[in-house]
file upload20.tsv (TSV, C-alpha atoms)
chain	number	residue	atom	x	y	z
A	1	MET	CA	54.32	105.78	154.19
A	2	GLN	CA	53.11	105.70	150.57
A	3	TYR	CA	49.85	107.47	149.80
A	4	GLN	CA	47.58	107.30	146.77
A	5	PHE	CA	46.58	110.96	146.54
A	6	LEU	CA	49.32	112.67	148.58
A	7	THR	CA	53.10	112.71	148.43
A	8	LEU	CA	55.17	113.02	151.59
A	9	GLU	CA	58.92	113.47	151.60
A	10	LEU	CA	61.06	114.08	154.65
A	11	GLN	CA	64.12	116.26	154.16
A	12	GLU	CA	65.93	116.60	157.47
A	13	GLU	CA	63.57	118.50	159.80
A	14	ILE	CA	61.07	119.56	157.14
A	15	ALA	CA	58.14	117.51	155.82
A	16	HIS	CA	57.31	118.19	152.16
A	17	LEU	CA	53.69	117.39	151.32
A	18	HIS	CA	51.96	117.76	147.96
A	19	LEU	CA	48.37	117.14	146.96
A	20	ASN	CA	48.84	114.73	144.07
A	21	ARG	CA	45.72	114.82	141.93
A	22	ALA	CA	46.92	117.25	139.27
A	23	GLY	CA	44.54	115.82	136.68
A	24	LYS	CA	41.66	116.86	138.95
A	25	ARG	CA	43.24	120.22	139.85
A	26	ASN	CA	43.97	118.57	143.23
A	27	ALA	CA	40.27	118.46	144.09
A	28	LEU	CA	39.70	116.92	147.51
A	29	ASN	CA	38.09	113.50	147.60
A	30	ASP	CA	37.57	111.55	150.81
A	31	GLY	CA	40.71	109.52	150.23
A	32	LEU	CA	42.89	112.61	150.05
A	33	VAL	CA	41.27	114.18	153.10
A	34	LEU	CA	41.88	111.00	155.11
A	35	GLU	CA	45.47	110.80	153.87
A	36	LEU	CA	46.10	114.38	154.99
A	37	ARG	CA	44.83	113.52	158.44
A	38	HIS	CA	46.97	110.39	158.64
A	39	ALA	CA	50.08	112.20	157.43
A	40	PHE	CA	49.85	115.03	159.94
A	41	GLU	CA	48.91	112.75	162.83
A	42	ASN	CA	51.89	110.49	162.15
A	43	LEU	CA	54.78	112.82	161.34
A	44	PRO	CA	58.07	111.48	162.76
A	45	GLY	CA	59.22	113.08	165.97
A	46	HIS	CA	62.25	114.78	164.40
A	47	VAL	CA	60.11	116.88	162.01
A	48	ARG	CA	59.98	120.54	163.09
A	49	ALA	CA	57.92	122.13	160.29
A	50	ALA	CA	55.97	121.21	157.17
A	51	VAL	CA	55.29	122.73	153.76
A	52	LEU	CA	52.04	121.88	151.95
A	53	GLY	CA	51.53	122.49	148.24
A	54	GLY	CA	49.90	121.01	145.17
A	55	ARG	CA	51.25	119.24	142.10
A	56	GLY	CA	50.51	120.73	138.71
A	57	ALA	CA	49.02	124.12	137.92
A	58	HIS	CA	46.85	124.51	141.02
A	59	PHE	CA	46.97	124.24	144.78
A	60	CYS	CA	43.45	122.88	145.17
A	61	ALA	CA	40.20	123.45	143.28
A	62	GLY	CA	38.03	122.37	146.21
A	63	LEU	CA	35.71	119.46	146.81
A	64	ASP	CA	35.67	116.81	144.08
A	65	LEU	CA	32.02	117.23	143.09
A	66	SER	CA	32.20	114.13	140.86
A	67	GLU	CA	32.44	112.08	144.06
A	68	LEU	CA	29.75	113.98	145.95
A	69	ALA	CA	27.45	111.17	147.06
A	70	HIS	CA	23.87	111.50	148.26
A	71	ARG	CA	23.82	111.56	152.04
A	72	ASP	CA	20.96	112.00	154.45
A	73	PRO	CA	21.45	114.77	157.05
A	74	PRO	CA	23.07	112.55	159.74
A	75	GLN	CA	25.49	111.10	157.18
A	76	ALA	CA	26.29	114.57	155.84
A	77	VAL	CA	27.06	115.80	159.36
A	78	GLN	CA	29.45	112.90	159.91
A	79	HIS	CA	31.11	113.57	156.56
A	80	SER	CA	31.66	117.20	157.46
A	81	ARG	CA	33.04	116.19	160.84
A	82	MET	CA	35.52	113.90	159.07
A	83	TRP	CA	36.83	116.94	157.22
A	84	HIS	CA	36.96	118.89	160.48
A	85	ALA	CA	39.10	116.21	162.12
A	86	ALA	CA	41.51	116.18	159.17
A	87	LEU	CA	41.97	119.94	159.08
A	88	ASP	CA	42.25	120.10	162.87
A	89	ALA	CA	45.15	117.65	162.51
A	90	ILE	CA	46.88	120.35	160.47
A	91	GLN	CA	46.02	123.42	162.54
A	92	PHE	CA	46.49	121.74	165.91
A	93	GLY	CA	49.05	119.14	164.84
A	94	PRO	CA	52.62	118.69	166.00
A	95	VAL	CA	54.38	121.24	163.74
A	96	PRO	CA	53.82	124.61	162.06
A	97	VAL	CA	52.56	124.23	158.49
A	98	ILE	CA	53.43	126.66	155.69
A	99	ALA	CA	51.08	126.54	152.67
A	100	ALA	CA	52.51	127.22	149.21
A	101	LEU	CA	49.60	128.50	147.12
A	102	HIS	CA	49.39	128.80	143.35
A	103	GLY	CA	46.59	128.68	140.82
A	104	ALA	CA	43.17	127.75	142.15
A	105	VAL	CA	42.59	128.04	145.90
A	106	ILE	CA	38.88	127.41	145.78
A	107	GLY	CA	36.19	126.15	148.15
A	108	GLY	CA	37.60	123.24	150.13
A	109	GLY	CA	41.06	124.22	148.92
A	110	LEU	CA	40.67	127.57	150.64
A	111	GLU	CA	39.39	125.79	153.75
A	112	LEU	CA	42.54	123.64	153.65
A	113	ALA	CA	44.81	126.67	153.20
A	114	ALA	CA	43.09	128.43	156.10
A	115	ALA	CA	43.98	125.51	158.39
A	116	CYS	CA	47.70	126.14	157.77
A	117	HIS	CA	49.61	128.56	159.98
A	118	VAL	CA	51.31	130.67	157.30
A	119	ARG	CA	50.31	131.07	153.65
A	120	VAL	CA	52.62	132.04	150.78
A	121	ALA	CA	50.92	132.77	147.44
A	122	ASP	CA	52.49	133.29	144.06
A	123	ALA	CA	51.13	135.65	141.44
A	124	THR	CA	48.97	132.96	139.80
A	125	ALA	CA	46.88	132.28	142.92
A	126	PHE	CA	43.18	133.10	142.96
A	127	TYR	CA	40.57	132.56	145.65
A	128	ALA	CA	36.86	131.74	145.45
A	129	LEU	CA	34.01	130.21	147.44
A	130	PRO	CA	31.50	129.08	144.79
A	131	GLU	CA	29.29	127.15	147.20
A	132	GLY	CA	26.39	129.57	146.70
A	133	THR	CA	26.22	128.81	142.97
A	134	ARG	CA	26.48	125.07	143.67
A	135	GLY	CA	23.61	124.99	146.14
A	136	ILE	CA	25.84	123.84	148.99
A	137	PHE	CA	27.59	125.32	152.02
A	138	VAL	CA	31.16	125.08	153.28
A	139	GLY	CA	31.71	121.95	155.35
A	140	GLY	CA	35.43	121.75	156.05
A	141	GLY	CA	35.70	124.40	158.74
A	142	GLY	CA	35.65	127.37	156.39
A	143	SER	CA	32.87	129.20	158.21
A	144	VAL	CA	35.07	129.23	161.31
A	145	ARG	CA	38.55	129.80	159.87
A	146	ILE	CA	38.05	132.00	156.81
A	147	PRO	CA	36.22	134.89	158.57
A	148	LYS	CA	39.21	135.09	160.92
A	149	LEU	CA	41.35	135.82	157.87
A	150	ILE	CA	39.12	138.20	155.91
A	151	GLY	CA	36.01	138.94	158.00
A	152	VAL	CA	32.43	137.66	157.81
A	153	SER	CA	31.24	140.28	155.31
A	154	ARG	CA	33.90	139.45	152.72
A	155	MET	CA	33.25	135.73	153.06
A	156	ALA	CA	29.50	136.27	152.70
A	157	ASP	CA	30.10	138.37	149.58
A	158	MET	CA	32.23	135.62	148.03
A	159	MET	CA	29.63	132.93	148.71
A	160	LEU	CA	26.65	135.04	147.61
A	161	THR	CA	28.08	136.63	144.49
A	162	GLY	CA	30.83	134.25	143.41
A	163	ARG	CA	33.47	136.96	143.73
A	164	VAL	CA	37.00	135.84	142.87
A	165	TYR	CA	40.07	137.46	144.45
A	166	ARG	CA	43.35	137.73	142.54
A	167	ALA	CA	46.63	136.99	144.29
A	168	ASP	CA	47.41	140.64	145.00
A	169	GLU	CA	43.89	141.29	146.30
A	170	GLY	CA	44.09	138.13	148.40
A	171	GLU	CA	47.27	139.25	150.09
A	172	ARG	CA	45.75	142.64	150.81
A	173	VAL	CA	42.61	141.26	152.49
A	174	GLY	CA	44.42	138.50	154.41
A	175	PHE	CA	44.29	135.23	152.47
A	176	SER	CA	48.08	135.12	152.35
A	177	GLN	CA	50.81	136.72	154.42
A	178	TYR	CA	53.32	136.63	151.58
A	179	LEU	CA	53.03	137.28	147.86
A	180	VAL	CA	55.85	136.19	145.56
A	181	ALA	CA	56.52	135.91	141.85
A	182	GLU	CA	55.01	133.12	139.78
A	183	GLY	CA	56.63	129.78	140.53
A	184	LYS	CA	58.28	130.98	143.74
A	185	ALA	CA	55.68	130.01	146.36
A	186	TRP	CA	57.21	126.64	147.22
A	187	SER	CA	60.80	127.89	147.58
A	188	HIS	CA	59.68	130.83	149.70
A	189	ALA	CA	57.50	128.60	151.88
A	190	LEU	CA	60.42	126.21	152.31
A	191	SER	CA	62.68	129.08	153.39
A	192	LEU	CA	60.11	130.09	155.98
A	193	ALA	CA	59.74	126.50	157.17
A	194	ASN	CA	63.49	126.23	157.71
A	195	GLN	CA	63.39	129.48	159.67
A	196	VAL	CA	60.44	128.30	161.78
A	197	ALA	CA	62.13	124.96	162.44
A	198	ARG	CA	64.97	126.81	164.22
A	199	ASN	CA	62.60	128.27	166.82
A	200	ALA	CA	62.30	126.80	170.28
A	201	PRO	CA	59.81	123.91	169.94
A	202	LEU	CA	57.84	124.99	172.99
A	203	THR	CA	57.35	128.48	171.57
A	204	ASN	CA	56.13	127.01	168.28
A	205	PHE	CA	53.76	124.81	170.27
A	206	ALA	CA	52.41	127.84	172.15
A	207	VAL	CA	51.84	129.78	168.93
A	208	MET	CA	50.03	126.86	167.30
A	209	GLN	CA	48.04	125.56	170.25
A	210	ALA	CA	47.54	128.44	172.67
A	211	LEU	CA	47.36	131.55	170.48
A	212	PRO	CA	44.21	130.62	168.50
A	213	ARG	CA	42.48	129.51	171.69
A	214	ILE	CA	43.44	132.69	173.54
A	215	ALA	CA	41.92	134.68	170.67
A	216	GLU	CA	38.59	132.93	171.34
A	217	GLN	CA	38.59	133.52	175.09
A	218	PRO	CA	37.15	136.49	176.99
A	219	ALA	CA	39.88	139.05	177.60
A	220	ASP	CA	40.45	138.21	181.27
A	221	HIS	CA	40.60	134.47	180.51
A	222	GLY	CA	42.94	135.08	177.59
A	223	LEU	CA	45.28	137.17	179.70
A	224	MET	CA	45.48	134.44	182.31
A	225	THR	CA	46.17	131.79	179.66
A	226	GLU	CA	48.82	134.06	178.17
A	227	ALA	CA	50.49	134.50	181.56
A	228	LEU	CA	50.57	130.75	182.15
A	229	MET	CA	51.96	130.00	178.69
A	230	SER	CA	54.52	132.78	179.01
A	231	ALA	CA	55.72	131.36	182.32
A	232	ILE	CA	55.97	127.84	180.91
A	233	THR	CA	57.91	128.80	177.79
A	234	GLN	CA	60.43	131.08	179.51
A	235	SER	CA	61.17	128.47	182.15
A	236	ALA	CA	62.21	125.86	179.58
A	237	PRO	CA	65.98	125.13	179.53
A	238	GLU	CA	66.25	125.99	175.83
A	239	ALA	CA	64.63	129.39	176.43
A	240	LYS	CA	67.14	130.17	179.16
A	241	LEU	CA	70.03	129.27	176.86
A	242	ARG	CA	68.66	131.39	174.01
A	243	VAL	CA	68.07	134.45	176.21
A	244	GLN	CA	71.54	134.14	177.72
A	245	ALA	CA	73.08	133.85	174.25
A	246	PHE	CA	71.33	137.08	173.26
A	247	LEU	CA	72.53	138.83	176.40
A	248	ASP	CA	76.06	137.61	175.65
A	249	GLY	CA	75.88	139.15	172.19
A	250	ALA	CA	75.59	135.85	170.32
A	251	GLY	CA	71.91	136.12	169.42
A	252	ALA	CA	70.70	137.79	166.24
A	253	LYS	CA	69.16	141.24	166.66
A	254	VAL	CA	65.99	142.37	164.94
A	255	ARG	CA	66.85	144.65	162.04
A	256	THR	CA	64.94	146.57	159.38
A	257	PRO	CA	64.47	144.22	156.41
A	258	GLN	CA	66.23	145.11	153.20
A	259	ALA	CA	64.08	145.92	150.17
A	260	GLY	CA	63.47	142.74	148.20
A	261	ALA	CA	64.68	140.49	151.02
A	262	ASP	CA	63.73	136.83	150.58
A	263	ILE	CA	62.09	136.57	154.01
A	264	ALA	CA	60.03	139.67	154.66
A	265	PRO	CA	56.43	139.87	155.88
A	266	ALA	CA	53.82	141.27	153.59
A	267	ALA	CA	52.91	144.89	154.19
call {"tool": "encode", "arguments": {"input": "upload20.tsv", "output": "C-alpha cells"}}
result
Amino acid sequence: MQYQFLTLELQEEIAHLHLNRAGKRNALNDGLVLELRHAFENLPGHVRAAVLGGRGAHFCAGLDLSELAHRDPPQAVQHSRMWHAALDAIQFGPVPVIAALHGAVIGGGLELAAACHVRVADATAFYALPEGTRGIFVGGGGSVRIPKLIGVSRMADMMLTGRVYRADEGERVGFSQYLVAEGKAWSHALSLANQVARNAPLTNFAVMQALPRIAEQPADHGLMTEALMSAITQSAPEAKLRVQAFLDGAGAKVRTPQAGADIAPAA
C-alpha cells in the first residue's frame, strides 16, 4: 500500500513506518492520521512488531495548525474521535509498536508517541504540550495516555506554562523507556522490535490488550482478569514448548545486563 504522508516497509516480521512530512516537521494533518489508522488496521498477518519514526530532523511537531479548520462543537468532537480511533489502532492493534523519537515530540506528536508500547528517544528529543499558549486543548487522547506516563501534575504544568523537557529529563520522568545517542533511536528501536517479535504472540497480545485494561480495573476485577489471562497464555501449545525448553536447559536465563549493552532498560 502506497501512502501520501506515511511510508510503510515490511522487512520480514517487522513493519517499518515513518511519518513522511519532513518539510512540515512531520506535523499531523488529517490525511496522515487516517493513513496511520489504515496502516495499523491492515498490517499483514506475518508481521510481529512495528517501529514508528519520522523522516527528517523531527519525530513529530504536533497538529498541523495551518490545516486547522473552523468546526462547530459537534464537528470538533467528531474530529477528535477520528484521532482517537487512529491512535487506538496503534495501542490496541495487532502488534507491539516501538516508537523511535528524535527532535520535536510536541503536542499531537507526543500523543502519538504515548499510544506506542515502548519509546526510544535519542539525545536530540524534546517534549512539549503548547496547547495552553495556542488556546486549544489536547484532542488525540493525550489527556488519557500522557498522565499515565508522567502524572497529571506534570502534564498540567506543561500545558499551563509551556515547559519543555529535554531528552534526559524526558527519560527520567517517563516519556521514554530508553535514551540513546543522537541518531541511534531507530536502530535501537529496531533491535527491540526484533526481540519483541520473538516472544510468544499470545503473550504479546496479553501485554498489549489486557495489561492496560487491568490497570484501569478495580483491584479485585484486575486480579480476576489477570488470572484468566494467565491461564489462557500458559495453556497455549507454544507456551508449553517454551517452558519445557527452559526446563531442559535450552532456554535463555535472565542475567545481569552488561554496562553499555545495546538492549538494556533505562534506569
call {"tool": "closest_residue", "arguments": {"input": "upload20.tsv", "among": "A:His38, A:His18, A:His102, A:Arg48", "to": "Pro201 of chain A", "atoms": "all atoms listed in the file"}}
result
A:Arg48
call {"tool": "closest_residue", "arguments": {"input": "upload20.tsv", "among": "A:Gly141, A:Pro44, A:Gly103, A:Gly23", "to": "Gln91 of chain A", "atoms": "all atoms listed in the file"}}
result
A:Gly141
call {"tool": "closest_residue", "arguments": {"input": "upload20.tsv", "among": "A:Arg145, A:His221, A:His188, A:Arg119", "to": "Ser176 of chain A", "atoms": "all atoms listed in the file"}}
result
A:Arg119
call {"tool": "atom_distance", "arguments": {"input": "upload20.tsv", "atom1": "atom CA of Ala113 of chain A", "atom2": "atom CA of Ala99 of chain A"}}
result
6.3 Å
call {"tool": "residues_around", "arguments": {"input": "upload20.tsv", "residues": "Pro212 of chain A", "least_positions_apart": "4", "cutoff": "12 Å", "atoms": "all atoms listed in the file", "output": "VMD selection string"}}
result
chain A and resid 91 to 92 115 117 144 to 145 148 205 to 208 216 to 217 222 225 to 226
call {"tool": "residues_around", "arguments": {"input": "upload20.tsv", "residues": "segment 154-168 of chain A", "least_positions_apart": "2", "cutoff": "12 Å", "atoms": "all atoms listed in the file", "output": "compact mmCIF listing (two decimals) with C-alpha atoms, in the frame of the given file"}}
result
# COMPACT_ATOMS: atom_id res chain seq x y z
CA LEU A 101 49.60 128.50 147.12
CA HIS A 102 49.39 128.80 143.35
CA GLY A 103 46.59 128.68 140.82
CA ALA A 104 43.17 127.75 142.15
CA VAL A 105 42.59 128.04 145.90
CA ILE A 106 38.88 127.41 145.78
CA GLY A 107 36.19 126.15 148.15
CA LEU A 110 40.67 127.57 150.64
CA GLU A 111 39.39 125.79 153.75
CA ARG A 119 50.31 131.07 153.65
CA VAL A 120 52.62 132.04 150.78
CA ALA A 121 50.92 132.77 147.44
CA ASP A 122 52.49 133.29 144.06
CA ALA A 123 51.13 135.65 141.44
CA THR A 124 48.97 132.96 139.80
CA ALA A 125 46.88 132.28 142.92
CA PHE A 126 43.18 133.10 142.96
CA TYR A 127 40.57 132.56 145.65
CA ALA A 128 36.86 131.74 145.45
CA LEU A 129 34.01 130.21 147.44
CA PRO A 130 31.50 129.08 144.79
CA GLU A 131 29.29 127.15 147.20
CA GLY A 132 26.39 129.57 146.70
CA THR A 133 26.22 128.81 142.97
CA ARG A 134 26.48 125.07 143.67
CA GLY A 135 23.61 124.99 146.14
CA ILE A 136 25.84 123.84 148.99
CA PHE A 137 27.59 125.32 152.02
CA VAL A 138 31.16 125.08 153.28
CA GLY A 142 35.65 127.37 156.39
CA SER A 143 32.87 129.20 158.21
CA VAL A 144 35.07 129.23 161.31
CA ARG A 145 38.55 129.80 159.87
CA ILE A 146 38.05 132.00 156.81
CA PRO A 147 36.22 134.89 158.57
CA LYS A 148 39.21 135.09 160.92
CA LEU A 149 41.35 135.82 157.87
CA ILE A 150 39.12 138.20 155.91
CA GLY A 151 36.01 138.94 158.00
CA VAL A 152 32.43 137.66 157.81
CA GLY A 170 44.09 138.13 148.40
CA GLU A 171 47.27 139.25 150.09
CA ARG A 172 45.75 142.64 150.81
CA VAL A 173 42.61 141.26 152.49
CA GLY A 174 44.42 138.50 154.41
CA PHE A 175 44.29 135.23 152.47
CA SER A 176 48.08 135.12 152.35
CA GLN A 177 50.81 136.72 154.42
CA TYR A 178 53.32 136.63 151.58
CA LEU A 179 53.03 137.28 147.86
CA VAL A 180 55.85 136.19 145.56
CA ALA A 181 56.52 135.91 141.85
CA GLU A 182 55.01 133.12 139.78
CA ALA A 185 55.68 130.01 146.36
CA ALA A 266 53.82 141.27 153.59
CA ALA A 267 52.91 144.89 154.19
call {"tool": "atom_distance", "arguments": {"input": "upload20.tsv", "atom1": "atom CA of Asp30 of chain A", "atom2": "atom CA of Leu190 of chain A"}}
result
27.2 Å
call {"tool": "residues_around", "arguments": {"input": "upload20.tsv", "residues": "Leu6 of chain A", "least_positions_apart": "5", "cutoff": "9 Å", "atoms": "only C-alpha atoms", "output": "count of residues only"}}
result
9
call {"tool": "closest_residue", "arguments": {"input": "upload20.tsv", "among": "A:Met224, A:Cys116, A:Ala193, A:Met82", "to": "Arg37 of chain A", "atoms": "only C-alpha atoms"}}
result
A:Met82
call {"tool": "atom_distance", "arguments": {"input": "upload20.tsv", "atom1": "atom CA of Leu192 of chain A", "atom2": "atom CA of Val51 of chain A"}}
result
9.1 Å
